[in-house]
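Data from data_31.cif: mmCIF, C-alpha atoms
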data_final
loop_
_atom_site.group_PDB
_atom_site.id
_atom_site.type_symbol
_atom_site.label_atom_id
_atom_site.label_comp_id
_atom_site.auth_asym_id
_atom_site.auth_seq_id
_atom_site.Cartn_x
_atom_site.Cartn_y
_atom_site.Cartn_z
ATOM 1 C CA MET A 1 96.907 77.641 110.330
ATOM 2 C CA ARG A 2 93.799 76.528 108.476
ATOM 3 C CA THR A 3 94.269 75.173 104.997
ATOM 4 C CA THR A 4 92.152 73.562 102.303
ATOM 5 C CA ARG A 5 92.661 69.831 102.137
ATOM 6 C CA THR A 6 94.577 70.088 98.888
ATOM 7 C CA ALA A 7 96.897 72.731 100.263
ATOM 8 C CA ALA A 8 97.414 70.817 103.463
ATOM 9 C CA ALA A 9 98.560 67.791 101.509
ATOM 10 C CA LEU A 10 101.262 69.886 99.914
ATOM 11 C CA LEU A 11 102.605 71.295 103.148
ATOM 12 C CA ALA A 12 104.602 68.106 103.518
ATOM 13 C CA ALA A 13 106.496 69.062 100.393
ATOM 14 C CA LEU A 14 108.135 71.866 102.336
ATOM 15 C CA THR A 15 110.419 69.269 103.860
ATOM 16 C CA LEU A 16 112.057 69.110 100.468
ATOM 17 C CA ALA A 17 113.267 72.674 100.846
ATOM 18 C CA VAL A 18 116.490 73.354 102.698
ATOM 19 C CA ALA A 19 116.129 76.599 104.608
ATOM 20 C CA GLY A 20 118.720 79.312 104.529
ATOM 21 C CA CYS A 21 118.823 80.556 100.945
ATOM 22 C CA SER A 22 118.661 84.310 100.464
ATOM 23 C CA SER A 23 116.172 86.212 98.333
ATOM 24 C CA SER A 24 117.078 88.501 95.459
ATOM 25 C CA GLY A 25 115.018 91.013 93.599
ATOM 26 C CA GLY A 26 115.378 92.737 90.274
ATOM 27 C CA LYS A 27 113.936 92.266 86.835
ATOM 28 C CA HIS A 28 116.680 89.934 85.573
ATOM 29 C CA SER A 29 118.944 87.609 87.472
ATOM 30 C CA GLU A 30 120.982 84.465 87.054
ATOM 31 C CA ASP A 31 122.130 82.044 89.695
ATOM 32 C CA GLY A 32 125.733 81.220 90.483
ATOM 33 C CA PRO A 33 127.277 77.738 90.396
ATOM 34 C CA ALA A 34 124.723 75.097 91.302
ATOM 35 C CA GLY A 35 125.158 73.613 94.736
ATOM 36 C CA LYS A 36 127.696 76.218 95.847
ATOM 37 C CA ASP A 37 126.040 76.751 99.221
ATOM 38 C CA SER A 38 123.695 73.806 99.420
ATOM 39 C CA GLY A 39 125.795 70.649 99.430
ATOM 40 C CA ARG A 40 126.108 68.187 96.588
ATOM 41 C CA SER A 41 123.876 68.768 93.553
ATOM 42 C CA ALA A 42 122.372 66.173 91.232
ATOM 43 C CA THR A 43 124.657 64.243 88.905
ATOM 44 C CA THR A 44 122.240 64.603 85.988
ATOM 45 C CA PRO A 45 123.314 66.725 82.975
ATOM 46 C CA ARG A 46 123.390 70.478 83.495
ATOM 47 C CA LEU A 47 120.080 72.079 82.475
ATOM 48 C CA LYS A 48 119.094 75.692 81.822
ATOM 49 C CA ILE A 49 115.655 76.752 83.064
ATOM 50 C CA ALA A 50 114.117 80.215 82.639
ATOM 51 C CA MET A 51 111.389 81.754 84.769
ATOM 52 C CA VAL A 52 109.461 84.682 83.288
ATOM 53 C CA THR A 53 106.888 86.421 85.487
ATOM 54 C CA HIS A 54 104.651 89.479 85.503
ATOM 55 C CA SER A 55 106.263 90.938 88.624
ATOM 56 C CA GLY A 56 106.420 94.670 89.082
ATOM 57 C CA GLN A 57 109.351 96.461 90.677
ATOM 58 C CA GLY A 58 109.659 95.968 94.423
ATOM 59 C CA ASP A 59 107.167 93.106 94.767
ATOM 60 C CA THR A 60 108.705 90.993 97.523
ATOM 61 C CA PHE A 61 106.396 88.085 96.696
ATOM 62 C CA TRP A 62 108.583 87.255 93.719
ATOM 63 C CA ASP A 63 111.749 87.376 95.799
ATOM 64 C CA ILE A 64 110.296 84.458 97.758
ATOM 65 C CA VAL A 65 109.343 82.600 94.565
ATOM 66 C CA GLN A 66 112.915 83.022 93.343
ATOM 67 C CA SER A 67 114.286 81.736 96.642
ATOM 68 C CA GLY A 68 112.440 78.476 96.171
ATOM 69 C CA ALA A 69 113.404 78.218 92.510
ATOM 70 C CA LYS A 70 117.079 78.830 93.242
ATOM 71 C CA GLN A 71 117.118 76.218 95.993
ATOM 72 C CA ALA A 72 115.666 73.621 93.627
ATOM 73 C CA ALA A 73 118.089 74.704 90.896
ATOM 74 C CA ALA A 74 121.057 74.227 93.223
ATOM 75 C CA LYS A 75 119.843 70.749 94.135
ATOM 76 C CA ASP A 76 119.086 69.753 90.548
ATOM 77 C CA ASN A 77 122.248 71.033 88.818
ATOM 78 C CA VAL A 78 120.233 73.671 86.968
ATOM 79 C CA GLN A 79 121.276 77.095 85.700
ATOM 80 C CA PHE A 80 118.366 79.307 86.698
ATOM 81 C CA LEU A 81 117.510 82.446 84.695
ATOM 82 C CA TYR A 82 114.940 84.943 85.922
ATOM 83 C CA SER A 83 113.283 87.860 84.156
ATOM 84 C CA ALA A 84 110.057 89.789 84.666
ATOM 85 C CA ASP A 85 107.919 92.584 83.352
ATOM 86 C CA GLU A 86 104.460 93.648 84.499
ATOM 87 C CA GLU A 87 103.443 94.587 80.948
ATOM 88 C CA GLY A 88 102.115 91.641 78.971
ATOM 89 C CA LYS A 89 103.804 92.591 75.693
ATOM 90 C CA GLU A 90 107.204 92.892 77.350
ATOM 91 C CA GLN A 91 106.710 89.638 79.254
ATOM 92 C CA ALA A 92 106.040 87.909 75.927
ATOM 93 C CA GLN A 93 109.316 89.299 74.579
ATOM 94 C CA LEU A 94 111.138 87.856 77.590
ATOM 95 C CA VAL A 95 109.638 84.435 76.865
ATOM 96 C CA GLN A 96 110.867 84.761 73.289
ATOM 97 C CA ALA A 97 114.323 85.615 74.599
ATOM 98 C CA ALA A 98 114.279 82.397 76.635
ATOM 99 C CA ILE A 99 113.324 80.446 73.524
ATOM 100 C CA ASP A 100 116.205 82.059 71.636
ATOM 101 C CA LYS A 101 118.582 80.941 74.397
ATOM 102 C CA LYS A 102 117.425 77.358 73.776
ATOM 103 C CA VAL A 103 116.618 76.774 77.426
ATOM 104 C CA ASP A 104 115.641 73.315 78.621
ATOM 105 C CA GLY A 105 112.448 74.500 80.265
ATOM 106 C CA ILE A 106 110.371 77.595 80.951
ATOM 107 C CA VAL A 107 108.362 78.592 84.024
ATOM 108 C CA VAL A 108 105.860 81.320 83.201
ATOM 109 C CA THR A 109 102.930 83.204 84.717
ATOM 110 C CA LEU A 110 99.724 83.812 82.778
ATOM 111 C CA ALA A 111 98.411 86.904 84.543
ATOM 112 C CA LYS A 112 97.729 88.478 81.130
ATOM 113 C CA PRO A 113 97.089 85.414 78.976
ATOM 114 C CA ASP A 114 96.094 87.250 75.812
ATOM 115 C CA ALA A 115 99.545 88.830 75.648
ATOM 116 C CA VAL A 116 101.659 85.725 76.230
ATOM 117 C CA ARG A 117 99.668 82.685 75.065
ATOM 118 C CA ALA A 118 101.025 82.749 71.485
ATOM 119 C CA VAL A 119 104.691 82.840 72.497
ATOM 120 C CA VAL A 120 104.187 80.172 75.176
ATOM 121 C CA LYS A 121 102.626 77.910 72.553
ATOM 122 C CA LYS A 122 105.634 78.689 70.363
ATOM 123 C CA ALA A 123 107.957 77.459 73.127
ATOM 124 C CA VAL A 124 106.010 74.214 73.453
ATOM 125 C CA ALA A 125 106.052 73.737 69.671
ATOM 126 C CA ALA A 126 109.841 74.155 69.774
ATOM 127 C CA GLY A 127 110.068 71.236 72.184
ATOM 128 C CA ILE A 128 110.624 73.302 75.334
ATOM 129 C CA PRO A 129 108.540 72.005 78.258
ATOM 130 C CA VAL A 130 106.601 74.703 80.070
ATOM 131 C CA VAL A 131 105.182 74.875 83.593
ATOM 132 C CA THR A 132 102.828 77.702 84.531
ATOM 133 C CA ILE A 133 102.745 79.090 88.053
ATOM 134 C CA ASN A 134 100.761 81.502 90.193
ATOM 135 C CA SER A 135 98.423 83.070 87.634
ATOM 136 C CA GLY A 136 96.082 81.937 84.886
ATOM 137 C CA ALA A 137 95.653 78.286 85.852
ATOM 138 C CA GLN A 138 92.604 78.043 83.598
ATOM 139 C CA TYR A 139 94.789 78.775 80.551
ATOM 140 C CA SER A 140 97.629 76.394 81.401
ATOM 141 C CA LYS A 141 96.337 73.374 79.495
ATOM 142 C CA GLU A 142 95.355 75.511 76.514
ATOM 143 C CA VAL A 143 98.925 76.759 75.994
ATOM 144 C CA GLY A 144 100.328 73.219 76.249
ATOM 145 C CA ALA A 145 101.980 73.444 79.671
ATOM 146 C CA LEU A 146 102.852 70.283 81.597
ATOM 147 C CA GLY A 147 100.768 71.642 84.468
ATOM 148 C CA HIS A 148 100.116 74.550 86.790
ATOM 149 C CA ILE A 149 101.445 75.191 90.297
ATOM 150 C CA GLY A 150 99.708 77.700 92.540
ATOM 151 C CA GLN A 151 96.403 78.322 94.228
ATOM 152 C CA ASP A 152 92.932 78.454 92.708
ATOM 153 C CA GLU A 153 92.299 82.187 93.003
ATOM 154 C CA SER A 154 88.519 81.858 93.023
ATOM 155 C CA VAL A 155 88.735 79.299 95.835
ATOM 156 C CA ALA A 156 91.113 81.611 97.724
ATOM 157 C CA GLY A 157 88.704 84.509 97.315
ATOM 158 C CA ARG A 158 85.814 82.427 98.605
ATOM 159 C CA ALA A 159 87.925 81.458 101.636
ATOM 160 C CA VAL A 160 88.415 85.163 102.369
ATOM 161 C CA GLY A 161 84.683 85.764 102.073
ATOM 162 C CA ASP A 162 84.029 82.985 104.574
ATOM 163 C CA GLU A 163 86.616 84.429 106.970
ATOM 164 C CA LEU A 164 85.070 87.898 106.738
ATOM 165 C CA ASN A 165 81.668 86.387 107.544
ATOM 166 C CA ALA A 166 83.153 84.663 110.592
ATOM 167 C CA ARG A 167 84.556 88.019 111.720
ATOM 168 C CA GLY A 168 81.176 89.712 111.371
ATOM 169 C CA ARG A 169 82.255 92.135 108.657
ATOM 170 C CA LYS A 170 79.657 94.005 106.604
ATOM 171 C CA LYS A 171 81.414 96.010 103.860
ATOM 172 C CA ALA A 172 84.745 95.272 102.208
ATOM 173 C CA LEU A 173 86.937 97.283 99.871
ATOM 174 C CA CYS A 174 88.858 94.944 97.527
ATOM 175 C CA VAL A 175 91.975 96.716 96.230
ATOM 176 C CA ILE A 176 93.141 95.599 92.764
ATOM 177 C CA HIS A 177 96.721 96.785 92.335
ATOM 178 C CA GLU A 178 97.260 95.673 88.726
ATOM 179 C CA GLN A 179 94.430 96.305 86.308
ATOM 180 C CA GLY A 180 93.869 93.511 83.783
ATOM 181 C CA ASN A 181 95.481 90.799 85.932
ATOM 182 C CA VAL A 182 92.981 87.936 85.684
ATOM 183 C CA SER A 183 94.100 86.351 88.953
ATOM 184 C CA LEU A 184 93.493 89.520 90.966
ATOM 185 C CA GLU A 185 90.057 89.915 89.426
ATOM 186 C CA ASP A 186 89.288 86.274 90.292
ATOM 187 C CA ARG A 187 90.240 86.926 93.919
ATOM 188 C CA CYS A 188 87.787 89.801 94.327
ATOM 189 C CA ALA A 189 85.097 87.865 92.454
ATOM 190 C CA GLY A 190 85.640 84.926 94.802
ATOM 191 C CA VAL A 191 85.240 87.173 97.853
ATOM 192 C CA LYS A 192 81.922 88.407 96.468
ATOM 193 C CA LYS A 193 80.647 84.856 96.005
ATOM 194 C CA THR A 194 80.758 83.926 99.683
ATOM 195 C CA PHE A 195 80.810 87.202 101.594
ATOM 196 C CA LYS A 196 77.363 88.025 102.926
ATOM 197 C CA GLY A 197 78.163 91.724 103.064
ATOM 198 C CA THR A 198 78.989 94.214 100.309
ATOM 199 C CA VAL A 199 82.198 94.204 98.261
ATOM 200 C CA GLU A 200 83.421 97.202 96.279
ATOM 201 C CA ASN A 201 86.490 97.007 94.046
ATOM 202 C CA LEU A 202 89.096 99.774 93.916
ATOM 203 C CA ASN A 203 91.702 99.874 91.131
ATOM 204 C CA VAL A 204 95.072 101.413 92.054
ATOM 205 C CA ASP A 205 98.568 101.576 90.599
ATOM 206 C CA GLY A 206 100.442 99.078 92.743
ATOM 207 C CA THR A 207 103.809 100.356 91.537
ATOM 208 C CA ASN A 208 103.094 103.783 93.060
ATOM 209 C CA THR A 209 102.810 103.220 96.805
ATOM 210 C CA PRO A 210 102.038 106.842 97.839
ATOM 211 C CA ALA A 211 99.267 107.082 95.225
ATOM 212 C CA THR A 212 97.890 103.714 96.310
ATOM 213 C CA ALA A 213 97.772 104.785 99.948
ATOM 214 C CA SER A 214 96.102 108.069 98.991
ATOM 215 C CA SER A 215 93.429 106.285 96.949
ATOM 216 C CA ILE A 216 92.595 103.927 99.805
ATOM 217 C CA GLU A 217 92.591 106.795 102.325
ATOM 218 C CA ALA A 218 90.206 108.831 100.177
ATOM 219 C CA LYS A 219 87.844 105.882 99.875
ATOM 220 C CA LEU A 220 87.863 105.258 103.626
ATOM 221 C CA GLN A 221 87.173 108.927 104.325
ATOM 222 C CA ALA A 222 84.317 109.020 101.822
ATOM 223 C CA ASP A 223 82.640 105.817 103.018
ATOM 224 C CA LYS A 224 82.646 105.267 106.784
ATOM 225 C CA ASP A 225 80.689 101.999 106.361
ATOM 226 C CA ILE A 226 83.774 100.194 105.009
ATOM 227 C CA ASP A 227 84.897 97.953 107.858
ATOM 228 C CA THR A 228 87.434 95.856 105.933
ATOM 229 C CA VAL A 229 90.137 96.583 103.364
ATOM 230 C CA VAL A 230 91.191 93.481 101.438
ATOM 231 C CA THR A 231 94.488 93.897 99.622
ATOM 232 C CA LEU A 232 95.607 91.395 97.002
ATOM 233 C CA GLY A 233 99.360 91.543 97.583
ATOM 234 C CA ALA A 234 101.586 91.814 100.634
ATOM 235 C CA PRO A 235 103.243 95.157 99.675
ATOM 236 C CA ILE A 236 99.789 96.746 99.248
ATOM 237 C CA ALA A 237 98.871 95.768 102.814
ATOM 238 C CA ASP A 238 101.456 98.238 104.150
ATOM 239 C CA ALA A 239 99.900 101.015 102.079
ATOM 240 C CA ALA A 240 96.445 100.089 103.370
ATOM 241 C CA VAL A 241 97.602 100.165 107.004
ATOM 242 C CA LYS A 242 99.013 103.665 106.482
ATOM 243 C CA ALA A 243 95.851 104.784 104.678
ATOM 244 C CA LYS A 244 93.675 103.477 107.495
ATOM 245 C CA GLY A 245 95.658 105.454 110.057
ATOM 246 C CA ASP A 246 95.644 108.652 108.017
ATOM 247 C CA ALA A 247 91.903 108.347 107.415
ATOM 248 C CA GLY A 248 91.142 107.712 111.076
ATOM 249 C CA SER A 249 89.304 104.570 110.030
ATOM 250 C CA LYS A 250 88.587 101.555 112.212
ATOM 251 C CA ALA A 251 88.462 99.199 109.210
ATOM 252 C CA GLU A 252 90.405 95.961 109.501
ATOM 253 C CA VAL A 253 93.137 95.381 106.918
ATOM 254 C CA ASP A 254 93.355 91.827 105.577
ATOM 255 C CA THR A 255 95.535 90.653 102.723
ATOM 256 C CA PHE A 256 96.415 87.995 100.241
ATOM 257 C CA ASP A 257 100.026 86.800 100.332
ATOM 258 C CA LEU A 258 102.643 86.719 103.031
ATOM 259 C CA ASN A 259 106.046 88.284 103.553
ATOM 260 C CA ALA A 260 108.149 89.402 106.513
ATOM 261 C CA ALA A 261 106.397 92.776 106.718
ATOM 262 C CA VAL A 262 102.960 91.147 106.806
ATOM 263 C CA VAL A 263 104.097 88.742 109.510
ATOM 264 C CA ARG A 264 105.204 91.754 111.587
ATOM 265 C CA SER A 265 101.849 93.437 110.930
ATOM 266 C CA LEU A 266 99.989 90.302 112.002
ATOM 267 C CA LYS A 267 102.015 90.267 115.211
ATOM 268 C CA ALA A 268 101.244 93.951 115.824
ATOM 269 C CA LYS A 269 97.565 93.361 114.951
ATOM 270 C CA ASP A 270 97.747 95.927 112.156
ATOM 271 C CA VAL A 271 96.592 93.148 109.792
ATOM 272 C CA GLY A 272 93.811 90.768 110.791
ATOM 273 C CA PHE A 273 94.689 87.788 108.600
ATOM 274 C CA ALA A 274 96.616 86.870 105.476
ATOM 275 C CA VAL A 275 96.113 84.290 102.740
ATOM 276 C CA ASP A 276 99.306 82.317 102.219
ATOM 277 C CA GLN A 277 99.734 80.645 98.828
ATOM 278 C CA GLN A 278 103.299 79.548 99.636
ATOM 279 C CA PRO A 279 105.331 81.317 96.927
ATOM 280 C CA TYR A 280 108.562 79.551 97.939
ATOM 281 C CA LEU A 281 106.866 76.258 97.197
ATOM 282 C CA GLN A 282 105.648 77.520 93.805
ATOM 283 C CA GLY A 283 109.184 78.387 92.697
ATOM 284 C CA TYR A 284 110.720 75.229 94.141
ATOM 285 C CA LEU A 285 108.194 72.817 92.657
ATOM 286 C CA ALA A 286 108.194 74.499 89.237
ATOM 287 C CA VAL A 287 111.948 74.079 88.745
ATOM 288 C CA ASP A 288 111.856 70.612 90.268
ATOM 289 C CA GLU A 289 109.037 69.549 87.950
ATOM 290 C CA LEU A 290 110.945 70.602 84.837
ATOM 291 C CA TRP A 291 114.058 68.788 86.097
ATOM 292 C CA LEU A 292 112.028 65.662 86.848
ATOM 293 C CA TYR A 293 110.419 65.816 83.408
ATOM 294 C CA ARG A 294 113.719 66.306 81.617
ATOM 295 C CA THR A 295 115.499 63.554 83.537
ATOM 296 C CA ASN A 296 112.711 61.024 84.094
ATOM 297 C CA LEU A 297 109.554 62.138 82.218
ATOM 298 C CA ASN A 298 107.752 62.716 85.539
ATOM 299 C CA VAL A 299 104.822 65.158 85.643
ATOM 300 C CA LEU A 300 103.627 66.442 89.010
ATOM 301 C CA GLY A 301 99.924 65.951 89.605
ATOM 302 C CA GLY A 302 99.560 63.976 86.396
ATOM 303 C CA GLY A 303 99.129 67.252 84.536
ATOM 304 C CA ARG A 304 96.396 68.566 86.826
ATOM 305 C CA PRO A 305 96.899 71.762 88.872
ATOM 306 C CA VAL A 306 99.070 71.326 91.961
ATOM 307 C CA LEU A 307 97.623 73.583 94.657
ATOM 308 C CA THR A 308 99.874 75.398 97.128
ATOM 309 C CA GLY A 309 97.097 77.293 98.921
ATOM 310 C CA PRO A 310 95.071 78.940 100.247
ATOM 311 C CA ALA A 311 95.928 78.944 103.930
ATOM 312 C CA ILE A 312 94.472 81.507 106.336
ATOM 313 C CA VAL A 313 97.228 82.867 108.598
ATOM 314 C CA THR A 314 96.545 84.932 111.722
ATOM 315 C CA GLY A 315 98.585 86.434 114.533
ATOM 316 C CA LYS A 316 98.654 83.149 116.420
ATOM 317 C CA ASP A 317 100.662 81.599 113.571
ATOM 318 C CA VAL A 318 103.410 84.242 113.775
ATOM 319 C CA PRO A 319 105.735 82.421 116.219
ATOM 320 C CA ALA A 320 105.956 79.459 113.859
ATOM 321 C CA LEU A 321 106.577 81.649 110.802
ATOM 322 C CA GLU A 322 109.011 84.336 111.966
ATOM 323 C CA LYS A 323 112.252 82.388 111.555
ATOM 324 C CA TYR A 324 111.288 81.345 108.028
ATOM 325 C CA THR A 325 110.287 84.825 106.885
ATOM 326 C CA ALA A 326 113.644 86.039 108.199
ATOM 327 C CA ARG A 327 115.289 83.554 105.837
ATOM 328 C CA GLY A 328 113.216 84.715 102.880
ATOM 329 C CA THR A 329 111.454 81.380 102.460
ATOM 330 C CA ARG A 330 107.974 82.413 103.720
#

Kindly present the structure from the file in structure tokens form.
Amino acid sequence: MRTTRTAAALLAALTLAVAGCSSSGGKHSEDGPAGKDSGRSATTPRLKIAMVTHSGQGDTFWDIVQSGAKQAAAKDNVQFLYSADEEGKEQAQLVQAAIDKKVDGIVVTLAKPDAVRAVVKKAVAAGIPVVTINSGAQYSKEVGALGHIGQDESVAGRAVGDELNARGRKKALCVIHEQGNVSLEDRCAGVKKTFKGTVENLNVDGTNTPATASSIEAKLQADKDIDTVVTLGAPIADAAVKAKGDAGSKAEVDTFDLNAAVVRSLKAKDVGFAVDQQPYLQGYLAVDELWLYRTNLNVLGGGRPVLTGPAIVTGKDVPALEKYTARGTR
């Protein structure tokens, strides 16, 4: 597995995580008693930490993020609250709900910063420490967050462009599954910066898998020069593989993000490579950072972004990953 130097340095942090926790989906969830299945928890005072993301229904990426967050919460004697909405206005309302609950910390994504920046600043003004994860790193400092945990999406996109060059690709279709998400747009823009071939963006509704597959299929049928489909989320990769087959295309499907289905597709050579930003680590470190700040005034990275990726994963990495994806931690 090839990683950037910053991401490689963080791989050691995975030893913090105890494997074996299960994933859970849904728009709202709350953990059970801390430490119930993970041994003795911290003896520090019980804290309440909320995570509010822009996840859409059925996005397994966020199940993995929650797995990491729940493991850290169990270790740290934290009550973990999760909620999500893909619409910026509704996500802002969920942040307000967390403020109203007087939580001890908030983890939030900034995929649609214009919609949530005001309420995040309101949380900070109320004395609630905030950590941003996954999306909108460039807005983290502006809203007053302690720091950001995730990958630099432009850097990740450039890494994909380099990989496509190494594979001799000439024309890529970059599939944006959530219009207006700044991180997804940064990924495609990053690909364009380093890829020597042509990149065309395609906007689809990622919450409608059949429609997404149909849109990709139609594009592949209309343009036989497309030799690569780059999807920006693991669930979209499945739709692209189906679309490729239905279109009779020989294009390679490559994707951002990793889950069990993508690992199986890498093994079957239905997907050429994936970009792993380590979502389990994002959830784990975010909760841990808020606990460390509340109990010892520690700030990971000194307030600078803590990078969890990108890492390019190919079929040869599958044997090392399979047991962890089965546990819901990769």

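The residues returned by the PyMOL selection byres ((chain A and resi 47) around 10) for this structure are Thr44, Pro45, Arg46, Lys48, Ile49, Ala73, Asp76, Asn77, Val78, Gln79, Phe80, Val103, Asp104, Gly105, Leu290, Trp291, Arg294 and Thr295 of chain A.
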
Residues selected by the PyMOL selection byres ((chain A and resi 252-258) around 8), written as a list in words: Phe61, Asp227, Thr228, Val229, Val230, Thr231, Leu232, Gly233, Ala234, Ala237, Ala240, Val241, Lys250, Ala251, Asn259, Ala260, Val262, Val263, Asp270, Val271, Gly272, Phe273, Ala274, Val275, Asp276, Gln277, Gln278 and Arg330 of chain A

CA of Gln66 (chain A) to CA of Ala326 (chain A), distance in Å rounded to a single decimal: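 Calculated distance between CA of Gln66 (chain A) and CA of Ala326 (chain A) is 15.2 Å.
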
Contacts of Ala50 (chain A) within 10 Å, only C-alpha atoms, excl. fewer than 6 positions in-chain, as an MDAnalysis selection string: chainID A and resid 30 78:83 94:95 97:99 101:108 130 287

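The environment of region 115-121 of chain A within 8 Å, counting only C-alpha atoms and disregarding residues fewer than 5 places along the same chain, consists of Gly88, Lys89, Gln91, Ala92, Val95, Gln96, Leu110, Val130, Val143 and Gly144 of chain A.
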
Minimum-distance residue to Lys193 (chain A), chosen among A:Glu87, A:Asp223, A:Glu178, A:Asp162 (using all atoms listed in the file):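 Once distances to Lys193 (chain A) are computed over all atoms listed in the file, the minimum belongs to A:Asp162.
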
Enclose all atoms of region 202-210 of chain A listed in the file in an axis-aligned box, grow every side by 8 Å, and hand back centre and edge lengths in Å to one decimal, as lines of an AutoDock Vina configuration file.
center_x = 96.5
center_y = 103.0
center_z = 94.2
size_x = 30.7
size_y = 23.8
size_z = 23.2

Contacts of region 146-153 of chain A within 9 Å, only C-alpha atoms, excl. fewer than 5 positions in-chain, as a PyMOL selection string: chain A and resi 7+129-138+140-141+158+183-188+190+277-279+281-283+285-286+289-290+293+299-310

Residue members of the PyMOL selection byres ((chain A and resi 316) around 12) in the file shown, as a list in words: Met1, Arg2, Val263, Arg264, Leu266, Lys267, Ala268, Lys269, Gly272, Phe273, Ala274, Ile312, Val313, Thr314, Gly315, Asp317, Val318, Pro319, Ala320, Leu321 and Glu322 of chain A

Write a file of the selected residues as an mmCIF file, keeping the file's coordinate frame, keeping C-alpha atoms.
data_model
loop_
_atom_site.group_PDB
_atom_site.id
_atom_site.type_symbol
_atom_site.label_atom_id
_atom_site.label_comp_id
_atom_site.auth_asym_id
_atom_site.auth_seq_id
_atom_site.Cartn_x
_atom_site.Cartn_y
_atom_site.Cartn_z
ATOM 1 C CA MET A 1 96.907 77.641 110.330
ATOM 2 C CA ARG A 2 93.799 76.528 108.476
ATOM 3 C CA VAL A 263 104.097 88.742 109.510
ATOM 4 C CA ARG A 264 105.204 91.754 111.587
ATOM 5 C CA LEU A 266 99.989 90.302 112.002
ATOM 6 C CA LYS A 267 102.015 90.267 115.211
ATOM 7 C CA ALA A 268 101.244 93.951 115.824
ATOM 8 C CA LYS A 269 97.565 93.361 114.951
ATOM 9 C CA GLY A 272 93.811 90.768 110.791
ATOM 10 C CA PHE A 273 94.689 87.788 108.600
ATOM 11 C CA ALA A 274 96.616 86.870 105.476
ATOM 12 C CA ILE A 312 94.472 81.507 106.336
ATOM 13 C CA VAL A 313 97.228 82.867 108.598
ATOM 14 C CA THR A 314 96.545 84.932 111.722
ATOM 15 C CA GLY A 315 98.585 86.434 114.533
ATOM 16 C CA ASP A 317 100.662 81.599 113.571
ATOM 17 C CA VAL A 318 103.410 84.242 113.775
ATOM 18 C CA PRO A 319 105.735 82.421 116.219
ATOM 19 C CA ALA A 320 105.956 79.459 113.859
ATOM 20 C CA LEU A 321 106.577 81.649 110.802
ATOM 21 C CA GLU A 322 109.011 84.336 111.966
#

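Across A:Ala243, A:Asp100, A:Thr109, A:Ser249, the tightest approach to Ala126 (chain A) is made by A:Asp100 when counting only C-alpha atoms.
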
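For the atom pair formed by CA of Ile176 (chain A) and CA of Ser154 (chain A), the distance is 14.5 Å, given to one decimal.
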
Point-to-point distance in Å for CA of Ala213 (chain A) and CA of Ser67 (chain A):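 Calculated distance between CA of Ser67 (chain A) and CA of Ala213 (chain A) is 28.5 Å.
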
Spatial neighbours of region 196-209 of chain A, 7 Å, all atoms listed in the file, chain gap at least 3 places, as a list in words: Gly56, Gln57, Asn165, Arg169, Lys170, Lys171, Ala172, Leu173, Cys174, Val175, Ile176, His177, Glu178, Gln179, Lys192, Thr212, Ala213, Ile236 and Ala239 of chain A

Pick from A:Glu90, A:Glu142, A:Asp238, A:Glu163 nearest to Phe195 (chain A), counting only C-alpha atoms: A:Glu163

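Distances from A:Gln221, A:Ile226, A:Arg327, A:Ser265 to Gly248 (chain A) were compared using only C-alpha atoms, and the smallest one belongs to A:Gln221.
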
N, CA and C atoms restored at region 92-101 of chain A, emitted as a PDB file, keeping the file's coordinate frame:
ATOM      1  N   ALA A  92     105.989  88.802  77.088  1.00  0.00           N
ATOM      2  CA  ALA A  92     106.040  87.909  75.927  1.00  0.00           C
ATOM      3  C   ALA A  92     107.410  87.968  75.255  1.00  0.00           C
ATOM      4  N   GLN A  93     107.989  89.160  75.176  1.00  0.00           N
ATOM      5  CA  GLN A  93     109.316  89.299  74.579  1.00  0.00           C
ATOM      6  C   GLN A  93     110.377  88.574  75.399  1.00  0.00           C
ATOM      7  N   LEU A  94     110.196  88.560  76.723  1.00  0.00           N
ATOM      8  CA  LEU A  94     111.138  87.856  77.590  1.00  0.00           C
ATOM      9  C   LEU A  94     111.023  86.339  77.400  1.00  0.00           C
ATOM     10  N   VAL A  95     109.810  85.862  77.168  1.00  0.00           N
ATOM     11  CA  VAL A  95     109.638  84.435  76.865  1.00  0.00           C
ATOM     12  C   VAL A  95     110.329  84.102  75.550  1.00  0.00           C
ATOM     13  N   GLN A  96     110.192  84.982  74.567  1.00  0.00           N
ATOM     14  CA  GLN A  96     110.867  84.761  73.289  1.00  0.00           C
ATOM     15  C   GLN A  96     112.378  84.732  73.471  1.00  0.00           C
ATOM     16  N   ALA A  97     112.882  85.605  74.331  1.00  0.00           N
ATOM     17  CA  ALA A  97     114.323  85.615  74.599  1.00  0.00           C
ATOM     18  C   ALA A  97     114.775  84.291  75.196  1.00  0.00           C
ATOM     19  N   ALA A  98     113.948  83.703  76.051  1.00  0.00           N
ATOM     20  CA  ALA A  98     114.279  82.397  76.635  1.00  0.00           C
ATOM     21  C   ALA A  98     114.293  81.314  75.563  1.00  0.00           C
ATOM     22  N   ILE A  99     113.345  81.399  74.638  1.00  0.00           N
ATOM     23  CA  ILE A  99     113.324  80.446  73.524  1.00  0.00           C
ATOM     24  C   ILE A  99     114.606  80.575  72.702  1.00  0.00           C
ATOM     25  N   ASP A 100     115.001  81.808  72.433  1.00  0.00           N
ATOM     26  CA  ASP A 100     116.205  82.059  71.636  1.00  0.00           C
ATOM     27  C   ASP A 100     117.456  81.525  72.323  1.00  0.00           C
ATOM     28  N   LYS A 101     117.441  81.472  73.653  1.00  0.00           N
ATOM     29  CA  LYS A 101     118.582  80.941  74.397  1.00  0.00           C
ATOM     30  C   LYS A 101     118.593  79.414  74.436  1.00  0.00           C
TER      31      LYS A 101
END
